[in-house]
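> Structure incoming, see below.
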Amino acid sequence: MKKSGAQILVDSLLEQGVDTIFGYPGGAVLPIYDALYDADIRHILTRHEQGAAHAADGYARASGRPGVCLATSGPGATNLVTGIANAYMDSIPLVAFTGQVVTSQLGKDSFQEADITGITLPITKHNYLVKDVRDLARVIKEAFYIATTGRPGPVLVDIPKDVSSAQTEYEDPGPVNLPGYRPVLEPPAEQLNRAAEAIARAERPVIYAGGGVVYSGAHRELRRFAELILAPVATTLMGLGGFPGDHPLALGMLGMHGSKYANFAVCECDLLIAVGVRFDDRVTGKLESFAPQARIMHIDIDPAEIGKNVRVDIPLVGDVKRVLSALIERLEAKLPGAWQEKIQTWKKEYPITYEENGHLKPQHVIREIYRVTKGQARITTEVGQHQMWAAHYYTYTRPRTFISSGGLGTMGFGLPAAIGVQVACPDEIVFDIAGDGSIQMNIQELATAVNYDLPVKVAILDNGYLGMVRQWQELFYNRRYSYSELVNPDFVKLAEAYGAVGMRVEKPADVRPALEQALATSRPVLIDFIIEREENVLPFVPPGESLDRMLG
Amino acid sequence: MRHTLAVLVENNPGVLARVAGLFSRRGYNIDSLAVGRTDNPAISRMTIVVEGDDRVLEQVTKQLHKLIDVIKISDITADEYVDRELVLIKVNAGPEKRGEIMQIADIFRARIVDLGRRTMILECTGNEGKVKAFEESLRPYGIKELVRTGKIAMLRGSRYTSINTNGSREDE
């Protein structure tokens, strides 16, 4: 049977179970858009390709299924780059399709030509330029396989216009055959035994859990594991929700913006069990003094993460869920002792808290969002102070409920991501907690939310500053607020202009009624919370310091 | 320390850019990289010489392994292997110097592959030390142009690096 390249793409997407794609049409993808016109796939038209990539990313983070985005060649493709890099840094399964100029025009600086496979080489798990329509079905199958297996990541497929319009005799590509790609899922038994022995011997264990726990679906295993060995659990930003934040063993976040008790626990532990993490510099602080008394065990599916940043004494390469299950089988329950008591004392002594002074505080806003949503919302964030407050003051008890740009720190991520999350979870409350700086990086996506009746809520913590920049300028640059103060538009009017509901809140007493009103409407809502201007994120480990040297 | 890696890759477009990009992006220094097809047209073999301590080498190897097109990596540094480079040198060679240069070529078992009115091109193969010595001995005559292939290497004896050995080298 003859099929066009575009039809092969659409059929392949359906075969992969793709129900939604986020995209933006243009000349080089017209054959594909024409095929999509009749396809049983929901297409969400964003207002910028970056929005499409972040929305697909948010969709993937919330659903666990690969996110798919589509853009045209040249500027369409390059506009995806930030979104692809963001997905790469946080190991998100994303498949990006881009149109390309016809093959005969390749390499001639043709109109809307960009070497997008060259550009995305360092920010994709793998990428393809398909020059022959007969390769297309196989490439798409491989792309989804690579994006979703092993350590997940983005894969880009660049399709020249003549390839998407060419007809070919369609043949099923058969099973994926990639001789160089074989993710290791379970470590050898002797290595697991060695790890179990070290855990049994440890007197002051701490678990440091990251996004790998969430992606591998290992949150139940992690909980059983922690309860069995009575190890307190600190999570990274990406790991929030991977362990219930209200659990007695929960330490919250560690690192630069971590809790004091999490950082103290890491400094004093004798065994650090790192699970699906990559020892980011925002977590470890000064490397020489990171977990100075501990042997380090590292469970990760990516062998290249073992020993990349810190020395690892006991490596366990494999899928987190399988490794934890295998360890649980080998371990006996521990009894509480002095270590658990010490942790509880620290938790009481150094709670994460802020000072109420009658002014509108960002922490108060987030606590109220937690209360009115009963802790059940999916929270996305932009990047900056609000992101850290959203990490500290909302309690995440389920995986995939905190959706934030961790590795790349992409301002402008939260609103398009919220759109993707809302598409994936149509019956849930989705809140984008935003800063007044970040929201303006992709605020045009409000139009997308309105267009598709996606009732996302946006809470802007508006202090008229690039808040985190200002905080660093205050602490390290003698309060010289160089270009970090913002002159903002009227966000309420802007929301209304887009067809969303706009509200403004300036007093603590008005927070709750506004939030309740926002939840009562089925339309997108933007609330501009005018917060205290110079509030800081505390505690805070200055960059390059060791974790026990915290400010605040 | 310098390490010699034998790397088997799928013969796909862009694979060299992926490998080279990985090195530059992560700040690892390639001393030499030679690449060519194997007996299987779908597979190419790279010989990569990289400078670094064990920690650097471990990361280089792991990062290379992450590339989808990379099938197998063997660090053959500590093993017995044969290595060769090919060099072409164009040297000033007026009629009065030709005899001397031909003698040098003889000593190094090099070949004269082109003769001009005032120049000669010589071809020599050998390990790095030999190629370097050959270059030095021709330098006094005035080297006009020099091109080297980079090192290729193969294990001695019955052991071999191939995709069929499933990650470990084995005897035939």
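Following the order of the structure tokens, first chain is A, next is B, and so on, with residues numbered from 1 inside each chain and ligands from 1 in the order they appear.
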Excluding same-chain residues fewer than 6 positions from Gln473 (chain A), what lies within 9 Å of it counting only C-alpha atoms, as a list in words?
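The filter keeps Arg479, Arg480, Tyr481, Ser482 and Ser484 of chain A.
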> Compile the contact shell of Val131 (chain B) as a list in words: residues with an atom at most 12 Å away, counting only C-alpha atoms, same-chain residues fewer than 6 positions apart removed.
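After dropping sequence-adjacent residues, the list is Asp83, Arg84, Glu85, Leu86, Val87, Leu88, Ile89, Ala105, Phe108, Arg109, Ala110, Leu122, Glu123, Cys124, Thr125, Ser137, Leu138, Leu146, Val147, Arg148, Thr149, Gly150 and Lys151 of chain B.
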> Please report, as JSON lines, each residue of chain B lying at most 6 Å from chain A, together with the nearest pair of atoms and the separation in Å rounded to one decimal; use only C-alpha atoms, and order rows by chain and ascending residue number.

```
{"residue": "B:Lys62", "atom": "CA", "partner": "A:Ala304", "partner_atom": "CA", "distance": 4.8}
{"residue": "B:Gln63", "atom": "CA", "partner": "A:Ala304", "partner_atom": "CA", "distance": 5.9}
{"residue": "B:Ile68", "atom": "CA", "partner": "A:Tyr181", "partner_atom": "CA", "distance": 5.5}
{"residue": "B:Asp69", "atom": "CA", "partner": "A:Gly180", "partner_atom": "CA", "distance": 5.8}
{"residue": "B:Val70", "atom": "CA", "partner": "A:Gly180", "partner_atom": "CA", "distance": 5.2}
{"residue": "B:Ile71", "atom": "CA", "partner": "A:Gly180", "partner_atom": "CA", "distance": 3.7}
```
> As a ChimeraX atom specification, please: the residues near Asp158 (chain A) (cut-off 10 Å, only C-alpha atoms, same-chain neighbours under 6 positions excluded).
/A:70-73,77,96-101,115-117,127-131
> I'd like the contact shell of His3 (chain B) - 9 Å cut-off, only C-alpha atoms, skipping same-chain residues fewer than 5 positions apart - returned as a PyMOL selection string.
chain B and resi 48-53+57+75-78
> Determine which residues of region 70-181 of chain A receive a DSSP assignment of helix (DSSP H, G or I), computed from the backbone, and state them as a ChimeraX atom specification.
/A:75-78,81-89,103-105,116-119,121-123,133-148,161-165
> With only C-alpha atoms as the basis for distance, which of A:Gly51, A:Gly17, A:Gly83, A:Pro399 is at the shortest distance from Arg378 (chain A)?
A:Pro399
> Got a sec to tell me which of chain B DSSP assigns to strand (DSSP E or B), as a ChimeraX atom specification?
/B:2-10,30-37,43-51,70-75,81-92,111-115,119-126,143-148,152-155
> Quote the spacing between CA of Gly116 (chain B) and CA of Ile104 (chain B) in Å to one decimal place.
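So the two atoms, CA of Gly116 (chain B) and CA of Ile104 (chain B), lie 17.9 Å apart.
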> Provide the CA of Tyr24 (chain A) to CA of Gly76 (chain A) distance in Å, to one decimal place.
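For CA of Tyr24 (chain A) relative to CA of Gly76 (chain A), the distance reads 7.7 Å.
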> Select from region 125-217 of chain A every residue with an atom at most 12 Å from any atom of region 403-417 of chain A, then for each give the shortest pair of atoms and their distance in Å to one decimal, using only C-alpha atoms, rows by chain and rising number, as a Markdown table.

```
| residue | atom | partner | partner_atom | distance |
| --- | --- | --- | --- | --- |
| A:Gly210 | CA | A:Gly406 | CA | 10.7 |
| A:Gly211 | CA | A:Gly406 | CA | 9.6 |
| A:Val214 | CA | A:Ile403 | CA | 11.1 |
```
> Considering only C-alpha atoms, return as a PyMOL selection string whatever protein or nucleic-acid residues lie within 7 Å of region 235-252 of chain A, sequence-local ones (same chain, fewer than 4 positions apart) excluded.
chain A and resi 208-211+213-214+219+223+231+259+261-262+395-402+406
> Just to be explicit: take each residue in the selection above, keep N, CA and C atoms, and write the result as a PDB file, in the first residue's frame.

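Output file selection.pdb is given in full below:
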```pdb
ATOM      1  N   TYR A 208      18.945  10.076  49.458  1.00  0.00           N
ATOM      2  CA  TYR A 208      18.911  11.330  48.673  1.00  0.00           C
ATOM      3  C   TYR A 208      18.272  10.945  47.338  1.00  0.00           C
ATOM      4  N   ALA A 209      16.999  11.320  47.187  1.00  0.00           N
ATOM      5  CA  ALA A 209      16.205  10.798  46.075  1.00  0.00           C
ATOM      6  C   ALA A 209      15.907  11.885  45.049  1.00  0.00           C
ATOM      7  N   GLY A 210      15.960  11.510  43.774  1.00  0.00           N
ATOM      8  CA  GLY A 210      15.762  12.510  42.718  1.00  0.00           C
ATOM      9  C   GLY A 210      14.712  12.101  41.706  1.00  0.00           C
ATOM     10  N   GLY A 211      14.761  12.759  40.564  1.00  0.00           N
ATOM     11  CA  GLY A 211      13.773  12.551  39.515  1.00  0.00           C
ATOM     12  C   GLY A 211      13.695  11.115  39.037  1.00  0.00           C
ATOM     13  N   VAL A 213      13.487   8.496  40.682  1.00  0.00           N
ATOM     14  CA  VAL A 213      12.469   7.772  41.455  1.00  0.00           C
ATOM     15  C   VAL A 213      11.103   7.979  40.791  1.00  0.00           C
ATOM     16  N   VAL A 214      10.834   9.228  40.427  1.00  0.00           N
ATOM     17  CA  VAL A 214       9.549   9.570  39.821  1.00  0.00           C
ATOM     18  C   VAL A 214       9.425   8.882  38.454  1.00  0.00           C
ATOM     19  N   HIS A 219       8.066   5.213  43.494  1.00  0.00           N
ATOM     20  CA  HIS A 219       7.767   5.911  44.750  1.00  0.00           C
ATOM     21  C   HIS A 219       7.302   4.959  45.849  1.00  0.00           C
ATOM     22  N   ARG A 223       9.367   4.289  49.392  1.00  0.00           N
ATOM     23  CA  ARG A 223       8.746   4.419  50.709  1.00  0.00           C
ATOM     24  C   ARG A 223       8.972   3.153  51.550  1.00  0.00           C
ATOM     25  N   ALA A 231      15.575   5.170  57.200  1.00  0.00           N
ATOM     26  CA  ALA A 231      16.463   6.234  56.728  1.00  0.00           C
ATOM     27  C   ALA A 231      15.635   7.468  56.385  1.00  0.00           C
ATOM     28  N   SER A 259      16.353  22.338  53.282  1.00  0.00           N
ATOM     29  CA  SER A 259      16.077  22.595  54.691  1.00  0.00           C
ATOM     30  C   SER A 259      17.374  22.398  55.474  1.00  0.00           C
ATOM     31  N   TYR A 261      17.616  20.821  58.260  1.00  0.00           N
ATOM     32  CA  TYR A 261      17.738  19.453  58.763  1.00  0.00           C
ATOM     33  C   TYR A 261      18.166  18.475  57.681  1.00  0.00           C
ATOM     34  N   ALA A 262      17.769  18.719  56.424  1.00  0.00           N
ATOM     35  CA  ALA A 262      18.228  17.833  55.338  1.00  0.00           C
ATOM     36  C   ALA A 262      19.731  17.986  55.165  1.00  0.00           C
ATOM     37  N   THR A 395       3.092  20.985  50.078  1.00  0.00           N
ATOM     38  CA  THR A 395       3.570  19.642  50.412  1.00  0.00           C
ATOM     39  C   THR A 395       3.127  18.675  49.320  1.00  0.00           C
ATOM     40  N   TYR A 396       4.107  18.014  48.716  1.00  0.00           N
ATOM     41  CA  TYR A 396       3.815  17.100  47.597  1.00  0.00           C
ATOM     42  C   TYR A 396       3.823  15.671  48.113  1.00  0.00           C
ATOM     43  N   THR A 397       2.692  15.018  47.988  1.00  0.00           N
ATOM     44  CA  THR A 397       2.601  13.662  48.527  1.00  0.00           C
ATOM     45  C   THR A 397       2.557  12.611  47.421  1.00  0.00           C
ATOM     46  N   ARG A 398       2.356  13.045  46.195  1.00  0.00           N
ATOM     47  CA  ARG A 398       2.281  12.094  45.077  1.00  0.00           C
ATOM     48  C   ARG A 398       3.304  12.480  44.012  1.00  0.00           C
ATOM     49  N   PRO A 399       3.819  11.463  43.282  1.00  0.00           N
ATOM     50  CA  PRO A 399       4.752  11.799  42.207  1.00  0.00           C
ATOM     51  C   PRO A 399       4.037  12.533  41.068  1.00  0.00           C
ATOM     52  N   ARG A 400       4.790  13.234  40.282  1.00  0.00           N
ATOM     53  CA  ARG A 400       4.302  13.951  39.090  1.00  0.00           C
ATOM     54  C   ARG A 400       3.330  15.073  39.433  1.00  0.00           C
ATOM     55  N   THR A 401       3.393  15.572  40.668  1.00  0.00           N
ATOM     56  CA  THR A 401       2.524  16.697  41.026  1.00  0.00           C
ATOM     57  C   THR A 401       3.299  18.002  41.114  1.00  0.00           C
ATOM     58  N   PHE A 402       4.640  17.927  41.195  1.00  0.00           N
ATOM     59  CA  PHE A 402       5.459  19.142  41.181  1.00  0.00           C
ATOM     60  C   PHE A 402       6.259  19.115  39.892  1.00  0.00           C
ATOM     61  N   GLY A 406      14.252  21.948  36.508  1.00  0.00           N
ATOM     62  CA  GLY A 406      15.310  21.802  37.505  1.00  0.00           C
ATOM     63  C   GLY A 406      16.688  22.079  36.944  1.00  0.00           C
TER      64      GLY A 406
END
```
> How many Å lie between CA of Gln293 (chain A) and CA of Leu228 (chain A), rounded to one decimal?
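According to the coordinates, CA of Gln293 (chain A) and CA of Leu228 (chain A) are separated by 22.6 Å.
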> Counting only C-alpha atoms, what is within 7 Å of Met297 (chain A), bar same-chain residues fewer than 2 positions away, as a VMD selection string?
chain A and resid 272 to 274 295 299 312 to 315
> Output the selection as a compact mmCIF listing (two decimals), in the first residue's frame - C-alpha atoms for each residue.

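Printed below is part.txt as written:
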```txt
# COMPACT_ATOMS: atom_id res chain seq x y z
CA LEU A 272 24.37 8.30 51.68
CA ILE A 273 22.05 6.32 49.43
CA ALA A 274 21.64 8.39 46.26
CA ARG A 295 30.22 6.07 52.09
CA ILE A 299 21.62 3.89 42.16
CA VAL A 312 31.00 6.63 44.61
CA ASP A 313 31.85 3.69 46.87
CA ILE A 314 28.97 1.41 45.90
CA PRO A 315 27.60 1.87 42.37
```
> What's around Gly384 (chain A) at 8 Å? Count only C-alpha atoms, leave out sequence neighbours fewer than 5 positions away in its own chain, and write the answer as a PyMOL selection string.
chain A and resi 411+435+438+466-468
> Under the rule that only C-alpha atoms are counted, which of B:Phe23, B:Thr61, B:Lys97, B:Glu10 is the nearest residue to Ala42 (chain B)?
B:Glu10
